[in-house]
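First comes the structure, then the notes that go with it.
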Amino acid sequence: MQIEYISAFDVVVGVLWRFWPVWVALVLVMGVSFAYKKKLGLYGQLFDSGVGIAGVGICLFWLFTAIFASTISPFDPLAQVSIMKDTLPGAIEPTSKLIYYFGGDKLARDVFSRMVYGSQIVLIIAPAATGFALMVGITLGLPAGYYGGKIDTVLSFLANLVLAFPVILLFYLLVTPGIMDTPIPYAMAGLFFLFPIIFFSVLFWTRYKNRPDRLYILLGLTLVVGGWIYIGLVFDKDPLKIVHIDPNQLNIFVAVVFASSPGVFRIVRGLTMDIKTRDYVAAAQTRGESPWYIMLWEILPNARGPLIVDACLRIGYTTILLGTLGYFGLGLAPESPDWGTAIKDASRLLRSFIHPALPPTIALMSFVLGLNLLADSLREQSMKD
Amino acid sequence: MLSFILRRLGTMALTMLCLTLVVFFLINLNPNLKKLAISQTEMHTSAEQLEDWLVNHGYRQNFFVRYGQWLGILPKQPITDPATGKPAQRFSFCNDPVEPKFSGVLQGDFGCSTKFKTTVGAKLFPALGATGLLMFWVLAVMVPISLLIGILAGMREGSRTDRTLSVASIASTATPEYVSGVIFTVIFASWLGWLNGSAASASQGLTFYNFTLPVMTLAIYGTGYIARMTRASMVEVMTQQYIRTARLKGLSFSSVVVKHALRNALIAPFTVIMLQFPWLLTGVVIVEVMFRYQGFGYTLVEAAGNNDIDLLLGCSLVSVFIVLITQLISDVGYAFLNPRIRVQ
C-alpha cells in the first residue's frame, strides 16, 4: 500500500496546531507574569531582559509539553504501526488518518509523539534529582563550611573523591542491570532520601523550638509526608500505592543524585565560609543562637541567589547526564521514549535516515539552553542588587 | 611550595587508593563476576561449572587479598590445573606467572584483559596514545577559539558583540557531545558530504576528512564554558584602575587590551582549562563511541560492557590520575602565574 504524505508547510502548521494547549497556557502564564512583573520579585525581574523572557518561555514550553503530553501527541509513544516503518516526515497513517509529523523510526513508532512523551521523563527526573542533590549538598555543606576543622576535612575529601570519578565511569559502575540484585542502590537511596527529612526537621526545630504549637504540627507533617514518600521510594511499600518508582528508575535517580551532590556541597561550603564572617552572623552568635539556627536561618537565606542560579544550571546538567545515560543504554528501558535513548537509536542509522535523530536532539538542546539562559539572566539580576 | 606539592601528592595517592578500592569492590560484585564467568566459558555451562571457573581462576579469594595482589603488595598465586593438579598459568594469553610472584600495579603490571585476550598494558597504552592525539587537536582548536571569543566579548561589556557572543557561548554549553555529534554528522556528512561520519579509519592515518567531526564535536561543549570564564575575567580586569590609567595616558584601546589587560585576564582561564579535563574525559567516551575511534573511551566502554575487570581497573586508574594531576597542575600553575600568590 502506498503511503501518502502532506507537504512540508502542512507539517509545520500541523505541529504548531498540535501544541495548542501549550500555547494557550504559555500565553496565559506569560501574560499574567508580564502584567504583574513589578510585584513578582526576582521572577518578575526576569521579564526585563530578552534573554530572561526567552529562558522562561523555553522552560515553560517544555513544562507544559510534559503536562499536556497525552493531548499533544497523536499516537502512543510505544505503539508500532508496521507500515509506517522509517517513513519520512508528514506521512499519513492509513487507518486513523492521523499524521506522523516527524516520520516514523526503525520500529515504526511516531517520532513526534516519542519526543513529546520524552519530555515527561526528563522533566520529572531532572528537577527531582537536582532537588535531592541540593538537599544533600546543603545539609552537608553548611556544617563543613561553618565548623571547618575535621568535619570539613573528611567531608571535602569524600566530595573530592566522588568528583575525581569521571561521570561516565561512575555510571557504568552504578547503573548496571547486575547491581539491582545487590542492596547497593537501595542502601544509597535509603541514605539520600533521608536528607530532606533531616533537613526539614532541623529547619523547623531550630526555628520553633520555643513555640510547641507550631513545632509539633510542622514536625509531624514533615515526618508523616517524608516518611510516607520514603517508604514508597526506598522500599516500594507505600500502603496507599500512590508513591511508586521502578527499580531501574530508582537506580538512575540515585546515581544522578550521587554524581551531582558533591558539586552542590562545594558551592554551599564556599558560600558558608564567606557568609559566616558577616556581622549579622556574629550578632546571632552573640545572641546565643544555636549553630544550626545560624546555618539554616541566617546563612542559607543569604546564600539563596547563587544557589538558585546553580540549581537552574544543575537541572540542565542533570538533563545532559540523563541523556548520556540514555545514549549509552544504561538504566532506562530500551523502548523508553526519553531523548537520550532516542538519540542513541537514531544515531546508529544516520547514514540512511536522519529524520528520527533531529527532534530529540533539538528538544534536549533547547531545554538545556532555556535553563542556561534562565540561569544567566537570574545571575545578571542578582548582581544588580 | 615544595611541601604544598608533596602534601597534594600524598592526598592524591590516598584518593587513588580509595577510588580503586571502590571500583574494585563494584566490579567484583557477585552479578558482575557471574557475567564474566558466563562470557569466558562455553555456552550452556551449568551454575556449578561457572562457580568452578571462578574458584579456579582465583576470583573467589578474599577480597582484600585480591586487591593486594592487584596492587602488588601481595604475591599473585598461580592457579591449579584441575586435570594435572600442577600449578598453571591463570590466563595463558597474558603470560601469567607459574610461581607466586609480586606482580601488580606497583610493579607496572596492570593485569590481564579477558575481553581482548592480551595484557592490559598492551591494550591500554596504544589507546591512550590515540586519545592523546584527539585531545591535542581538541585543545588546539578549543583553547584559541574560546579565549578569542571571551576576550572579544569581555573587552566591551554590554556591547552588541558581547551580547551576541555570550548567547552563542551559552548555546554551546547547552550542546552535549551526543547532540552536537548528531547535528554535525547530519549537516556535514549526510547532507553536504564534506566529512566522514566515522573516524574508524583514523587509526591508520589522520586526515582532515575523517578527523574533523570528532574534534569539532568534542570542542564545542567546552568552548562556551571557557569563553564565559574568560569573559568574566576580562570584564573584571577592564574595570581595574590601571586600565583606566593606561587609557588616560593616551594609549590606544587595542594596545591597552593586548599589553595590559590580556596578561592579567588569562590567569583565571588557565585554571578553567585545566579543570575541563574531567569533562573532556566523559566527552571522549561519547565521541569515540559515536565516531568509532579506537581510543581510551572506546576501550573503557568495551571493558565496562564486558566486565573486563583488570582493563576497567586500569581505565579508572588512568582517568582518576588524569583528573587529579590536572587539578594539581592547575593549582600550582595558578600560584606560578599569579605573582600576588607566588610572593606570599
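By order of appearance in the C-alpha cells: chains A, B, ..., then residues from 1 within every chain, and ligands from 1 in the order shown.
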
Kindly assemble as a Markdown table a list of the chain B residues that lie within 8 Å of chain A, each paired with its nearest atom pair and their distance in Å to one decimal, using only C-alpha atoms, sorted first by chain and then by ascending residue number.
| residue | atom | partner | partner_atom | distance |
| --- | --- | --- | --- | --- |
| B:Thr15 | CA | A:Leu161 | CA | 6.2 |
| B:Cys18 | CA | A:Leu161 | CA | 7.9 |
| B:Leu19 | CA | A:Leu161 | CA | 6.9 |
| B:Val23 | CA | A:Leu173 | CA | 7.5 |
| B:Leu26 | CA | A:Leu173 | CA | 6.4 |
| B:Ile27 | CA | A:Leu173 | CA | 7.0 |
| B:Leu29 | CA | A:Ile179 | CA | 7.7 |
| B:Pro31 | CA | A:Gly178 | CA | 5.1 |
| B:Asn32 | CA | A:Gly178 | CA | 6.3 |
| B:Val167 | CA | A:Leu373 | CA | 7.9 |
| B:Ile170 | CA | A:Asn372 | CA | 6.6 |
| B:Ala171 | CA | A:Leu369 | CA | 5.8 |
| B:Thr173 | CA | A:Leu369 | CA | 7.9 |
| B:Ala174 | CA | A:Leu369 | CA | 5.0 |
| B:Thr175 | CA | A:Met365 | CA | 5.6 |
| B:Pro176 | CA | A:Ile320 | CA | 6.6 |
| B:Tyr178 | CA | A:Tyr327 | CA | 7.5 |
| B:Val179 | CA | A:Thr361 | CA | 5.3 |
| B:Val182 | CA | A:Ser347 | CA | 6.4 |
| B:Ile183 | CA | A:Leu358 | CA | 7.3 |
| B:Thr185 | CA | A:Leu350 | CA | 7.8 |
| B:Val186 | CA | A:Ile354 | CA | 6.6 |
| B:Ser190 | CA | A:Arg351 | CA | 6.5 |
| B:Pro278 | CA | A:Pro166 | CA | 5.9 |
| B:Trp279 | CA | A:Pro166 | CA | 7.5 |
| B:Leu281 | CA | A:Pro166 | CA | 6.8 |
| B:Thr282 | CA | A:Ile168 | CA | 5.7 |
| B:Val285 | CA | A:Ile168 | CA | 7.7 |
| B:Met290 | CA | A:Ser347 | CA | 7.9 |
| B:Ala304 | CA | A:Tyr172 | CA | 6.4 |
| B:Ser316 | CA | A:Leu169 | CA | 7.2 |
| B:Ser319 | CA | A:Pro166 | CA | 6.9 |
| B:Val320 | CA | A:Ala164 | CA | 5.9 |
| B:Val323 | CA | A:Ala164 | CA | 6.0 |
| B:Leu324 | CA | A:Ala164 | CA | 6.7 |

Could you pull the residues within 10 Å of B:Arg228, counting only C-alpha atoms, minus those fewer than 4 positions along the same chain, as an MDAnalysis selection string? chainID B and resid 146:147 149:151 153:154 165:167 169:170 173 223:224 232:234 269

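Non-sequential neighbours of stretch 60-66 of chain A (distance at most 7 Å, separation of 6 or more positions within a chain, only C-alpha atoms) are A:Val22, A:Leu26, A:Val116, A:Tyr117, A:Ser119, A:Gln120, A:Leu123, A:Phe367.
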
Find the residues around A:Ile308 up to 12 Å (only C-alpha atoms counted), leave out those fewer than 4 positions away in its own chain, and share them as an MDAnalysis selection string. chainID A and resid 42:43 130:131 134 264 267:268 300:304 312:315 371:372 374:379 381:382

Prev. selection, N, CA and C atoms, output as a short mmCIF file (atom, residue, chain, number, x, y, z; two decimals), in the first residue's frame:
data_model
loop_
_atom_site.label_atom_id
_atom_site.label_comp_id
_atom_site.auth_asym_id
_atom_site.auth_seq_id
_atom_site.Cartn_x
_atom_site.Cartn_y
_atom_site.Cartn_z
N LEU A 42 12.05 38.58 42.17
CA LEU A 42 13.12 38.12 41.28
C LEU A 42 12.55 37.53 39.99
N TYR A 43 11.45 36.78 40.11
CA TYR A 43 10.84 36.18 38.93
C TYR A 43 10.35 37.26 37.97
N THR A 130 17.80 16.95 41.03
CA THR A 130 18.51 18.16 41.43
C THR A 130 18.07 18.59 42.82
N GLY A 131 16.76 18.48 43.10
CA GLY A 131 16.27 18.84 44.42
C GLY A 131 16.91 18.01 45.51
N LEU A 134 20.46 19.02 45.96
CA LEU A 134 20.55 20.27 46.72
C LEU A 134 20.42 20.01 48.21
N VAL A 264 27.15 20.57 44.58
CA VAL A 264 26.37 21.46 45.45
C VAL A 264 27.09 21.66 46.77
N ILE A 267 29.81 24.24 46.51
CA ILE A 267 29.32 25.62 46.41
C ILE A 267 28.80 26.10 47.76
N VAL A 268 27.99 25.25 48.43
CA VAL A 268 27.42 25.66 49.71
C VAL A 268 28.53 25.89 50.73
N LEU A 300 21.87 30.38 55.17
CA LEU A 300 21.24 29.81 53.98
C LEU A 300 20.39 30.83 53.20
N PRO A 301 19.52 31.63 53.87
CA PRO A 301 18.74 32.60 53.09
C PRO A 301 19.62 33.60 52.36
N ASN A 302 20.78 33.92 52.93
CA ASN A 302 21.64 34.88 52.27
C ASN A 302 22.49 34.26 51.17
N ALA A 303 22.47 32.94 51.08
CA ALA A 303 23.20 32.26 50.00
C ALA A 303 22.25 31.88 48.88
N ARG A 304 20.97 32.31 48.96
CA ARG A 304 19.99 31.77 48.01
C ARG A 304 20.25 32.20 46.56
N CYS A 312 19.40 26.09 38.59
CA CYS A 312 18.97 26.14 37.18
C CYS A 312 20.00 25.45 36.29
N LEU A 313 21.27 25.83 36.47
CA LEU A 313 22.33 25.22 35.66
C LEU A 313 22.37 23.72 35.89
N ARG A 314 22.14 23.34 37.15
CA ARG A 314 22.27 21.94 37.51
C ARG A 314 21.15 21.09 36.92
N ILE A 315 19.94 21.66 36.83
CA ILE A 315 18.87 20.90 36.18
C ILE A 315 19.26 20.63 34.73
N LEU A 371 17.20 26.59 30.20
CA LEU A 371 17.63 26.63 31.60
C LEU A 371 18.88 27.49 31.76
N ASN A 372 19.83 27.36 30.80
CA ASN A 372 21.06 28.15 30.91
C ASN A 372 20.77 29.64 30.75
N LEU A 374 17.98 31.11 31.48
CA LEU A 374 17.31 31.48 32.72
C LEU A 374 18.34 31.74 33.82
N ALA A 375 19.30 30.81 33.95
CA ALA A 375 20.33 30.96 34.98
C ALA A 375 21.14 32.23 34.73
N ASP A 376 21.46 32.48 33.45
CA ASP A 376 22.28 33.64 33.13
C ASP A 376 21.56 34.92 33.50
N SER A 377 20.25 34.99 33.17
CA SER A 377 19.58 36.24 33.45
C SER A 377 19.29 36.38 34.94
N LEU A 378 19.09 35.26 35.65
CA LEU A 378 18.97 35.33 37.12
C LEU A 378 20.24 35.89 37.73
N ARG A 379 21.38 35.44 37.19
CA ARG A 379 22.66 35.91 37.72
C ARG A 379 22.80 37.41 37.49
N GLN A 381 20.42 39.57 37.19
CA GLN A 381 19.51 40.31 38.06
C GLN A 381 20.03 40.34 39.50
N SER A 382 20.58 39.22 39.97
CA SER A 382 21.02 39.21 41.36
C SER A 382 22.30 40.03 41.53
#

Show which residues sit within 10 Å of B:Phe64, as a PDB file with N, CA and C atoms, in the first residue's frame. Count only C-alpha atoms, and ignore same-chain residues fewer than 5 positions away.
ATOM      1  N   LEU B  21      39.860   1.115  45.340  1.00  0.00           N
ATOM      2  CA  LEU B  21      39.207   0.145  46.215  1.00  0.00           C
ATOM      3  C   LEU B  21      37.702   0.105  45.930  1.00  0.00           C
ATOM      4  N   PHE B  24      37.171  -1.481  42.578  1.00  0.00           N
ATOM      5  CA  PHE B  24      37.441  -2.918  42.715  1.00  0.00           C
ATOM      6  C   PHE B  24      36.245  -3.621  43.343  1.00  0.00           C
ATOM      7  N   PHE B  25      35.687  -2.968  44.378  1.00  0.00           N
ATOM      8  CA  PHE B  25      34.529  -3.555  45.044  1.00  0.00           C
ATOM      9  C   PHE B  25      33.346  -3.651  44.087  1.00  0.00           C
ATOM     10  N   GLN B  69      46.848  -8.238  45.681  1.00  0.00           N
ATOM     11  CA  GLN B  69      47.544  -8.840  44.532  1.00  0.00           C
ATOM     12  C   GLN B  69      47.533  -7.886  43.347  1.00  0.00           C
ATOM     13  N   TRP B  70      46.356  -7.261  43.131  1.00  0.00           N
ATOM     14  CA  TRP B  70      46.257  -6.346  42.003  1.00  0.00           C
ATOM     15  C   TRP B  70      47.199  -5.158  42.199  1.00  0.00           C
ATOM     16  N   LEU B  74      50.852  -8.066  47.596  1.00  0.00           N
ATOM     17  CA  LEU B  74      50.751  -9.484  47.925  1.00  0.00           C
ATOM     18  C   LEU B  74      51.126 -10.258  46.659  1.00  0.00           C
TER      19      LEU B  74
END

Atom CA of A:Phe258 and atom CA of A:Gly148, how far apart in Å? 22.8 Å

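Remark: for B:Gly297, the closest of the candidate residues B:Met155, B:Met135, B:Ile226, B:Val143 is B:Met135 (distances computed over only C-alpha atoms).
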
Among stretch 19-267 of chain B, which ones does DSSP assign to strand (DSSP E or B) (computed from the backbone)? Answer as a PyMOL selection string. chain B and resi 76+79-80+87-88+101+112-113+118-119

Please produce a file of the residues just selected, as an mmCIF file, in the first residue's frame, where the atoms kept are N, CA and C atoms.
data_model
loop_
_atom_site.group_PDB
_atom_site.id
_atom_site.type_symbol
_atom_site.label_atom_id
_atom_site.label_comp_id
_atom_site.auth_asym_id
_atom_site.auth_seq_id
_atom_site.Cartn_x
_atom_site.Cartn_y
_atom_site.Cartn_z
ATOM 1 N N LYS B 76 50.990 -12.708 43.545
ATOM 2 C CA LYS B 76 49.954 -13.354 42.741
ATOM 3 C C LYS B 76 50.220 -14.853 42.721
ATOM 4 N N ILE B 79 47.256 -20.589 39.345
ATOM 5 C CA ILE B 79 46.099 -21.434 39.610
ATOM 6 C C ILE B 79 46.517 -22.898 39.517
ATOM 7 N N THR B 80 45.682 -23.751 40.050
ATOM 8 C CA THR B 80 45.971 -25.180 39.968
ATOM 9 C C THR B 80 45.189 -25.772 38.803
ATOM 10 N N PRO B 87 50.617 -26.455 39.292
ATOM 11 C CA PRO B 87 50.348 -25.029 39.083
ATOM 12 C C PRO B 87 50.355 -24.685 37.594
ATOM 13 N N ALA B 88 49.442 -23.808 37.177
ATOM 14 C CA ALA B 88 49.358 -23.433 35.768
ATOM 15 C C ALA B 88 49.148 -21.932 35.659
ATOM 16 N N LYS B 101 54.395 -14.632 42.659
ATOM 17 C CA LYS B 101 55.256 -13.524 42.276
ATOM 18 C C LYS B 101 54.553 -12.213 42.585
ATOM 19 N N CYS B 112 45.399 -8.495 33.265
ATOM 20 C CA CYS B 112 45.120 -9.229 32.056
ATOM 21 C C CYS B 112 43.711 -8.906 31.562
ATOM 22 N N SER B 113 43.601 -8.509 30.295
ATOM 23 C CA SER B 113 42.281 -8.196 29.748
ATOM 24 C C SER B 113 41.617 -9.473 29.246
ATOM 25 N N THR B 118 44.721 -10.127 25.959
ATOM 26 C CA THR B 118 46.091 -9.634 25.960
ATOM 27 C C THR B 118 46.322 -8.923 27.293
ATOM 28 N N THR B 119 47.534 -8.451 27.538
ATOM 29 C CA THR B 119 47.743 -7.734 28.793
ATOM 30 C C THR B 119 47.083 -6.363 28.709
#
